[in-house]
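Engineer: Could you have a look at this structure, given as structure tokens, before my questions?
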Amino acid sequence: MPTSLRGLLKSRWFMEGAGATMLLLVTYLWPLLSPYHLIIYHNPLSVSTVAIGLAVDVGIAWLISTAMFALLDHYDPKQDCPLWGVVFCALGVRAVDLAVFLLSPGYINIHWGLSSRIALLCTMGGVALTIRYLFPQIFRQGIQTARIGLAIFGGSIFWILPQLVFTGERTRAPAPNTFTKPVHKSSISSARVVWILLDELSYDQVFDHPQADIKLSHFDKIRDESVSFSNVQPIGYFTERIVPSLFLGRKVDNIRSSMHRDLYVHDADSGRWQPFNQRVSLFGKAKELGWTTGVAGWYNPYCHILAGVLDSCYWQTASSFPHALSGDKSSIVNALTFPADLLFSHLNRADPPSEIGAKAHAKECNDITAAASSLIQNESIRFAFIHLPVPHPPGMYDRKTGTFGVRGTYLDNLVSADSVLGNLLAVIQRTSAASQTILIVSSDHSWRTNMWRASDMWSKDEERASKSKFDPRPVLLIHFPGYDPGEVRTEPFPEIETSAIIRAMLTSELQSKADLDMWLDAQGVTKGQNLSPNPNIDDQDFRVLSTTVGVHFSSRQKFQYLLVRSDLPSKGKKK
């Protein structure tokens, strides 16, 4: 064989091997390759070992795939062997995985599991062998065309591999997840504001239509002594956008991050990307007015994005990497995770994904609750924000036995949320500032039944409780010092106005229920935008469902989980 032809063949094998590698690994790689960097933003650990481990996997898989094509060409240069068909049928199934993700609308539930893949592989293999024996020329031409396409696709490796190495070098530092600064005497020595946000708490399930077998005594008690808003119009659908919106007082409809977890927000009104300005947030305003500030929260990297305007901080979230990759593992262990997950992820495990998620969710709930109690007990902190991970799924509590860390339902989590709230209310009552404390109890969004119904953990109890409907109303209760009979405000109230209420509290404009009533009448707040019962959920939004707490999705949502699509701009939306 001429030297030039031999060199051309080697180059071709090299590119074909790269294409096969990209097909195998793209679902593992995309979270770290996205320019939105949200997998980095939501993870408190260093992601360097994950990136380097995957870079090692890419290199090894590239060499193995290149050797496979070289051997096939050596033993069957005419491309007549059935093995060619087997290889490309397997790669074809992997390509269908990606096609299902890219082409399917986010709200369609396509059942695409291991049995579906095996069925497709057998079908494609049978067709390929039939063509091979009946129409050998067409078989050879098909293999030739597939090899060319694979080689073209393989060109992406020359961007992806260096990017992985670059990401690994730039993300060695973990995010700070706790700090306490020396606090000087506050100029506001008596007033205190404690804001407790419970993630995914539904007004309908807690107050309007509570289940007969569920007692939520602490929620009932605080409502009976507070101003409650029964028709809050939500600002959005996802925590990572709602919370910055509330902090800034304007709607944020998308976010992105740098490799160093610096937050950028997309302002819905201006249509522009802007750095998140902590100085104009509620906490920046509080510091400007002489308040001391503290946060104990979940999911968002509060200790990084608010570092300059907080005196005390703690945040935590479950590892947001798919496929059991983790920043607390070495590069070698993460590299070994890929082949193990690829080969054995569909086999039965001692702990199903939902139970693993329940244990992780229970641990972070207990840790954040403990940090919240400490924050409340620290009376030098006059403006405290607490973001709790309950009753957000997965179910991690059994209300019948009172056991944490076991698979439960949203209804079980409601009971847990009531218990956590009761504990924090008791801590507040034990402080010397209890009689000067304004308490806000709210949620970011309601129970997103139309999303969780697609997961493998949805139960008959949840279907019965939800009545197959989505009620978008979050919770907002405001309790002022002293005792006043509860008041329910039924007019539509835009959730974004919560920020204005808190700002008025910080300026001492709102110190009683009477002040609030007058303020609401004077402001003349306009009706917020109501979410339809079946909102059009973007592909990107499903990342929240799976990566946050390890929930397993059996269909379309699983593909969103694998690719972490929230790092992409929404389809059909102007950005």
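Going through the structure tokens in order, the chains are called A, B, and so on, while each chain numbers its residues from 1 and the ligands are numbered from 1 in the order shown.
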Please report, as a PyMOL selection string, each residue of segment 326-470 of chain A to which DSSP assigns alpha helix (DSSP H) when run on this structure's backbone.
Structural biologist: chain A and resi 331-344+353-377+410-429+449-452+460-466
Engineer: Counting only C-alpha atoms, what are the residues of segment 212-254 of chain A within 8 Å of segment 417-434 of chain A, and for each of them which pair of atoms is the nearest and at what distance in Å, to one decimal? Sort the table by chain and rising number, as JSON lines.
Structural biologist:
```
{"residue": "A:Leu216", "atom": "CA", "partner": "A:Asp418", "partner_atom": "CA", "distance": 5.7}
{"residue": "A:Ser217", "atom": "CA", "partner": "A:Asp418", "partner_atom": "CA", "distance": 7.3}
{"residue": "A:His218", "atom": "CA", "partner": "A:Gly422", "partner_atom": "CA", "distance": 5.5}
{"residue": "A:Phe219", "atom": "CA", "partner": "A:Asp418", "partner_atom": "CA", "distance": 6.3}
```
Engineer: Write the residues of the selection above to a file with N, CA, C and O atoms, as a PDB file, in the first residue's frame.
Structural biologist:
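Produced file selection_34.pdb, reproduced below:
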```
ATOM      1  N   LEU A 216     -51.228  20.489  59.407  1.00  0.00           N
ATOM      2  CA  LEU A 216     -50.180  21.500  59.254  1.00  0.00           C
ATOM      3  C   LEU A 216     -50.438  22.606  60.271  1.00  0.00           C
ATOM      4  O   LEU A 216     -50.760  23.743  59.935  1.00  0.00           O
ATOM      5  N   SER A 217     -50.285  22.259  61.521  1.00  0.00           N
ATOM      6  CA  SER A 217     -50.691  23.143  62.614  1.00  0.00           C
ATOM      7  C   SER A 217     -49.886  24.435  62.665  1.00  0.00           C
ATOM      8  O   SER A 217     -50.414  25.497  63.008  1.00  0.00           O
ATOM      9  N   HIS A 218     -48.598  24.369  62.342  1.00  0.00           N
ATOM     10  CA  HIS A 218     -47.766  25.570  62.426  1.00  0.00           C
ATOM     11  C   HIS A 218     -48.093  26.551  61.304  1.00  0.00           C
ATOM     12  O   HIS A 218     -48.112  27.773  61.531  1.00  0.00           O
ATOM     13  N   PHE A 219     -48.344  26.033  60.112  1.00  0.00           N
ATOM     14  CA  PHE A 219     -48.785  26.916  59.030  1.00  0.00           C
ATOM     15  C   PHE A 219     -50.129  27.561  59.382  1.00  0.00           C
ATOM     16  O   PHE A 219     -50.335  28.752  59.144  1.00  0.00           O
TER      17      PHE A 219
END
```
Engineer: What are the closest atom pairs, with distances in Å to one decimal, for all residues of segment 229-319 of chain A lying within 6 Å of segment 164-186 of chain A? Consider only C-alpha atoms, order rows by chain and residue number, and present the result as JSON lines.
Structural biologist:
```
{"residue": "A:Cys303", "atom": "CA", "partner": "A:Asn177", "partner_atom": "CA", "distance": 5.7}
{"residue": "A:Asp311", "atom": "CA", "partner": "A:Lys181", "partner_atom": "CA", "distance": 5.1}
{"residue": "A:Ser312", "atom": "CA", "partner": "A:Thr180", "partner_atom": "CA", "distance": 4.4}
{"residue": "A:Cys313", "atom": "CA", "partner": "A:Thr178", "partner_atom": "CA", "distance": 5.2}
{"residue": "A:Tyr314", "atom": "CA", "partner": "A:Thr178", "partner_atom": "CA", "distance": 4.3}
{"residue": "A:Trp315", "atom": "CA", "partner": "A:Asn177", "partner_atom": "CA", "distance": 5.2}
```
Engineer: With distances taken over only C-alpha atoms, which of A:Tyr36, A:Trp30, A:Phe14, A:Phe383 is nearest to Ala70 of chain A?
Structural biologist: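 Of the candidates, the smallest distance to Ala70 of chain A is held by A:Phe14.
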Engineer: Rounded to one decimal place, report the atom CA of Gln511 of chain A-atom CA of Leu310 of chain A distance in Å.
Structural biologist: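 According to the coordinates, atom CA of Gln511 of chain A and atom CA of Leu310 of chain A are separated by 23.1 Å.
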Engineer: Considering only C-alpha atoms, return as a CSV table (one decimal) with N, CA and C atoms, in the first residue's frame whatever protein or nucleic-acid residues lie within 10 Å of Ile118 of chain A, sequence-local ones (same chain, fewer than 6 positions apart) excluded.
Structural biologist:
```csv
chain,number,residue,atom,x,y,z
A,90,ALA,N,-25.0,0.1,16.8
A,90,ALA,CA,-24.9,0.5,18.2
A,90,ALA,C,-24.7,2.0,18.2
A,93,VAL,N,-28.0,3.8,17.6
A,93,VAL,CA,-28.9,3.9,18.8
A,93,VAL,C,-28.5,5.1,19.6
A,124,MET,N,-32.6,-2.6,14.1
A,124,MET,CA,-31.6,-2.0,13.1
A,124,MET,C,-30.6,-3.1,12.7
```
Engineer: Got a sec: who's within 9 Å of segment 254-261 of chain A, counting only C-alpha atoms, leaving out chain neighbours fewer than 6 positions off, as a ChimeraX atom specification?
Structural biologist: /A:35-38,40-42,167,170-171,173,175,240-241,267-268,273,301,304-305,567,569-570,575
Engineer: Report, in Å with one decimal, the straight-line distance from atom CA of Phe139 of chain A to atom CA of Leu23 of chain A.
Structural biologist: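 So the answer is 22.0 Å.
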Engineer: Find the residue from A:Ser374, A:Ser331, A:Thr369, A:Thr317 that sits nearest to Asp57 of chain A; use only C-alpha atoms when measuring.
Structural biologist: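 With only C-alpha atoms as the atom set, the closest residue is A:Ser331.
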Engineer: Smallest atom-to-atom distance to Met457 of chain A: which of A:Glu487, A:Val475, A:Ala358, A:Leu32, using only C-alpha atoms?
Structural biologist: A:Ala358
Engineer: May I have the residues within 8 Å of Leu325 of chain A as a list in words, using only C-alpha atoms and disregarding those fewer than 3 positions away in the same chain?
Structural biologist: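 The filter keeps Val50, Phe321, Pro322, Lys329, Asn334 and Thr337 of chain A.
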Engineer: What parts of segment 150-309 of chain A does DSSP call strand (DSSP E or B)? I'd like the answer as a ChimeraX atom specification.
Structural biologist: /A:178-180,192-198,227-229,232-233,252-257,263-267,273-275,293-298
Engineer: If you keep N, CA and C atoms, can you produce a file of those selected residues as a CSV table (one decimal), in the first residue's frame?
Structural biologist:
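Wrote out09.csv, looks like this:
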```
chain,number,residue,atom,x,y,z
A,178,THR,N,-19.7,29.0,53.6
A,178,THR,CA,-20.0,29.5,54.9
A,178,THR,C,-19.0,30.6,55.3
A,179,PHE,N,-19.5,31.6,56.0
A,179,PHE,CA,-18.5,32.6,56.6
A,179,PHE,C,-19.3,33.4,57.6
A,180,THR,N,-18.6,34.0,58.5
A,180,THR,CA,-19.1,34.9,59.5
A,180,THR,C,-18.1,36.0,59.7
A,192,ARG,N,-36.2,43.8,63.8
A,192,ARG,CA,-35.6,42.7,63.1
A,192,ARG,C,-36.5,42.1,62.1
A,193,VAL,N,-36.0,41.7,61.0
A,193,VAL,CA,-36.8,41.0,59.9
A,193,VAL,C,-36.2,39.7,59.6
A,194,VAL,N,-37.1,38.6,59.7
A,194,VAL,CA,-36.7,37.3,59.4
A,194,VAL,C,-37.6,36.8,58.3
A,195,TRP,N,-37.0,36.5,57.2
A,195,TRP,CA,-37.7,36.0,55.9
A,195,TRP,C,-37.4,34.5,55.7
A,196,ILE,N,-38.4,33.7,55.8
A,196,ILE,CA,-38.3,32.3,55.6
A,196,ILE,C,-39.0,31.9,54.3
A,197,LEU,N,-38.2,31.4,53.4
A,197,LEU,CA,-38.7,31.0,52.1
A,197,LEU,C,-38.7,29.5,52.0
A,198,LEU,N,-39.8,28.8,51.8
A,198,LEU,CA,-39.9,27.4,51.7
A,198,LEU,C,-40.1,27.0,50.2
A,227,VAL,N,-51.0,38.6,58.0
A,227,VAL,CA,-51.6,39.0,56.7
A,227,VAL,C,-51.2,38.0,55.7
A,228,SER,N,-52.2,37.3,55.1
A,228,SER,CA,-51.9,36.3,54.1
A,228,SER,C,-52.4,36.7,52.8
A,229,PHE,N,-51.7,36.4,51.7
A,229,PHE,CA,-52.1,36.7,50.4
A,229,PHE,C,-52.5,35.4,49.7
A,232,VAL,N,-51.4,35.2,45.1
A,232,VAL,CA,-50.1,35.7,44.7
A,232,VAL,C,-49.9,35.2,43.3
A,233,GLN,N,-49.5,36.2,42.4
A,233,GLN,CA,-49.2,35.9,41.0
A,233,GLN,C,-47.7,35.7,40.8
A,252,VAL,N,-36.3,38.6,36.5
A,252,VAL,CA,-35.2,38.0,35.8
A,252,VAL,C,-35.7,36.7,35.1
A,253,ASP,N,-35.6,36.7,33.8
A,253,ASP,CA,-36.1,35.5,33.0
A,253,ASP,C,-35.1,34.5,32.6
A,254,ASN,N,-33.8,34.8,32.9
A,254,ASN,CA,-32.8,33.8,32.6
A,254,ASN,C,-31.5,34.2,33.4
A,255,ILE,N,-30.7,33.2,33.7
A,255,ILE,CA,-29.4,33.5,34.3
A,255,ILE,C,-28.3,32.7,33.6
A,256,ARG,N,-27.1,33.2,33.8
A,256,ARG,CA,-25.9,32.4,33.4
A,256,ARG,C,-24.8,32.8,34.4
A,257,SER,N,-23.7,32.1,34.3
A,257,SER,CA,-22.6,32.2,35.3
A,257,SER,C,-21.2,32.2,34.5
A,263,LEU,N,-22.6,35.7,38.8
A,263,LEU,CA,-23.9,35.6,38.3
A,263,LEU,C,-24.2,36.7,37.3
A,264,TYR,N,-24.8,36.4,36.2
A,264,TYR,CA,-25.3,37.3,35.2
A,264,TYR,C,-26.8,37.1,35.0
A,265,VAL,N,-27.6,38.1,35.0
A,265,VAL,CA,-29.1,38.0,34.9
A,265,VAL,C,-29.6,38.6,33.6
A,266,HIS,N,-30.6,38.0,33.0
A,266,HIS,CA,-31.2,38.6,31.9
A,266,HIS,C,-32.5,39.3,32.3
A,267,ASP,N,-32.5,40.6,32.2
A,267,ASP,CA,-33.6,41.4,32.6
A,267,ASP,C,-34.7,41.3,31.7
A,273,TRP,N,-28.5,41.3,29.1
A,273,TRP,CA,-27.8,40.6,30.2
A,273,TRP,C,-27.0,41.6,31.0
A,274,GLN,N,-27.0,41.4,32.3
A,274,GLN,CA,-26.3,42.3,33.2
A,274,GLN,C,-25.7,41.5,34.3
A,275,PRO,N,-24.6,42.0,34.8
A,275,PRO,CA,-24.0,41.3,36.1
A,275,PRO,C,-25.0,41.5,37.2
A,293,THR,N,-26.8,41.7,58.2
A,293,THR,CA,-27.5,40.7,57.2
A,293,THR,C,-26.9,39.3,57.3
A,294,GLY,N,-27.8,38.4,57.1
A,294,GLY,CA,-27.3,37.0,57.1
A,294,GLY,C,-28.2,36.1,56.3
A,295,VAL,N,-27.7,35.0,55.7
A,295,VAL,CA,-28.4,34.1,54.9
A,295,VAL,C,-28.1,32.7,55.3
A,296,ALA,N,-29.1,31.8,55.4
A,296,ALA,CA,-28.9,30.3,55.4
A,296,ALA,C,-29.8,29.8,54.3
A,297,GLY,N,-29.1,29.2,53.3
A,297,GLY,CA,-30.0,28.9,52.1
A,297,GLY,C,-29.5,27.7,51.4
A,298,TRP,N,-30.4,27.4,50.4
A,298,TRP,CA,-30.3,26.2,49.6
A,298,TRP,C,-30.1,26.5,48.1
```
Engineer: Ranking A:Ala67, A:Leu161, A:Ile368, A:Leu282 by minimum distance to Ser11 of chain A and counting only C-alpha atoms, which one comes first?
Structural biologist: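 That would be A:Ala67, the residue with the smallest distance to Ser11 of chain A.
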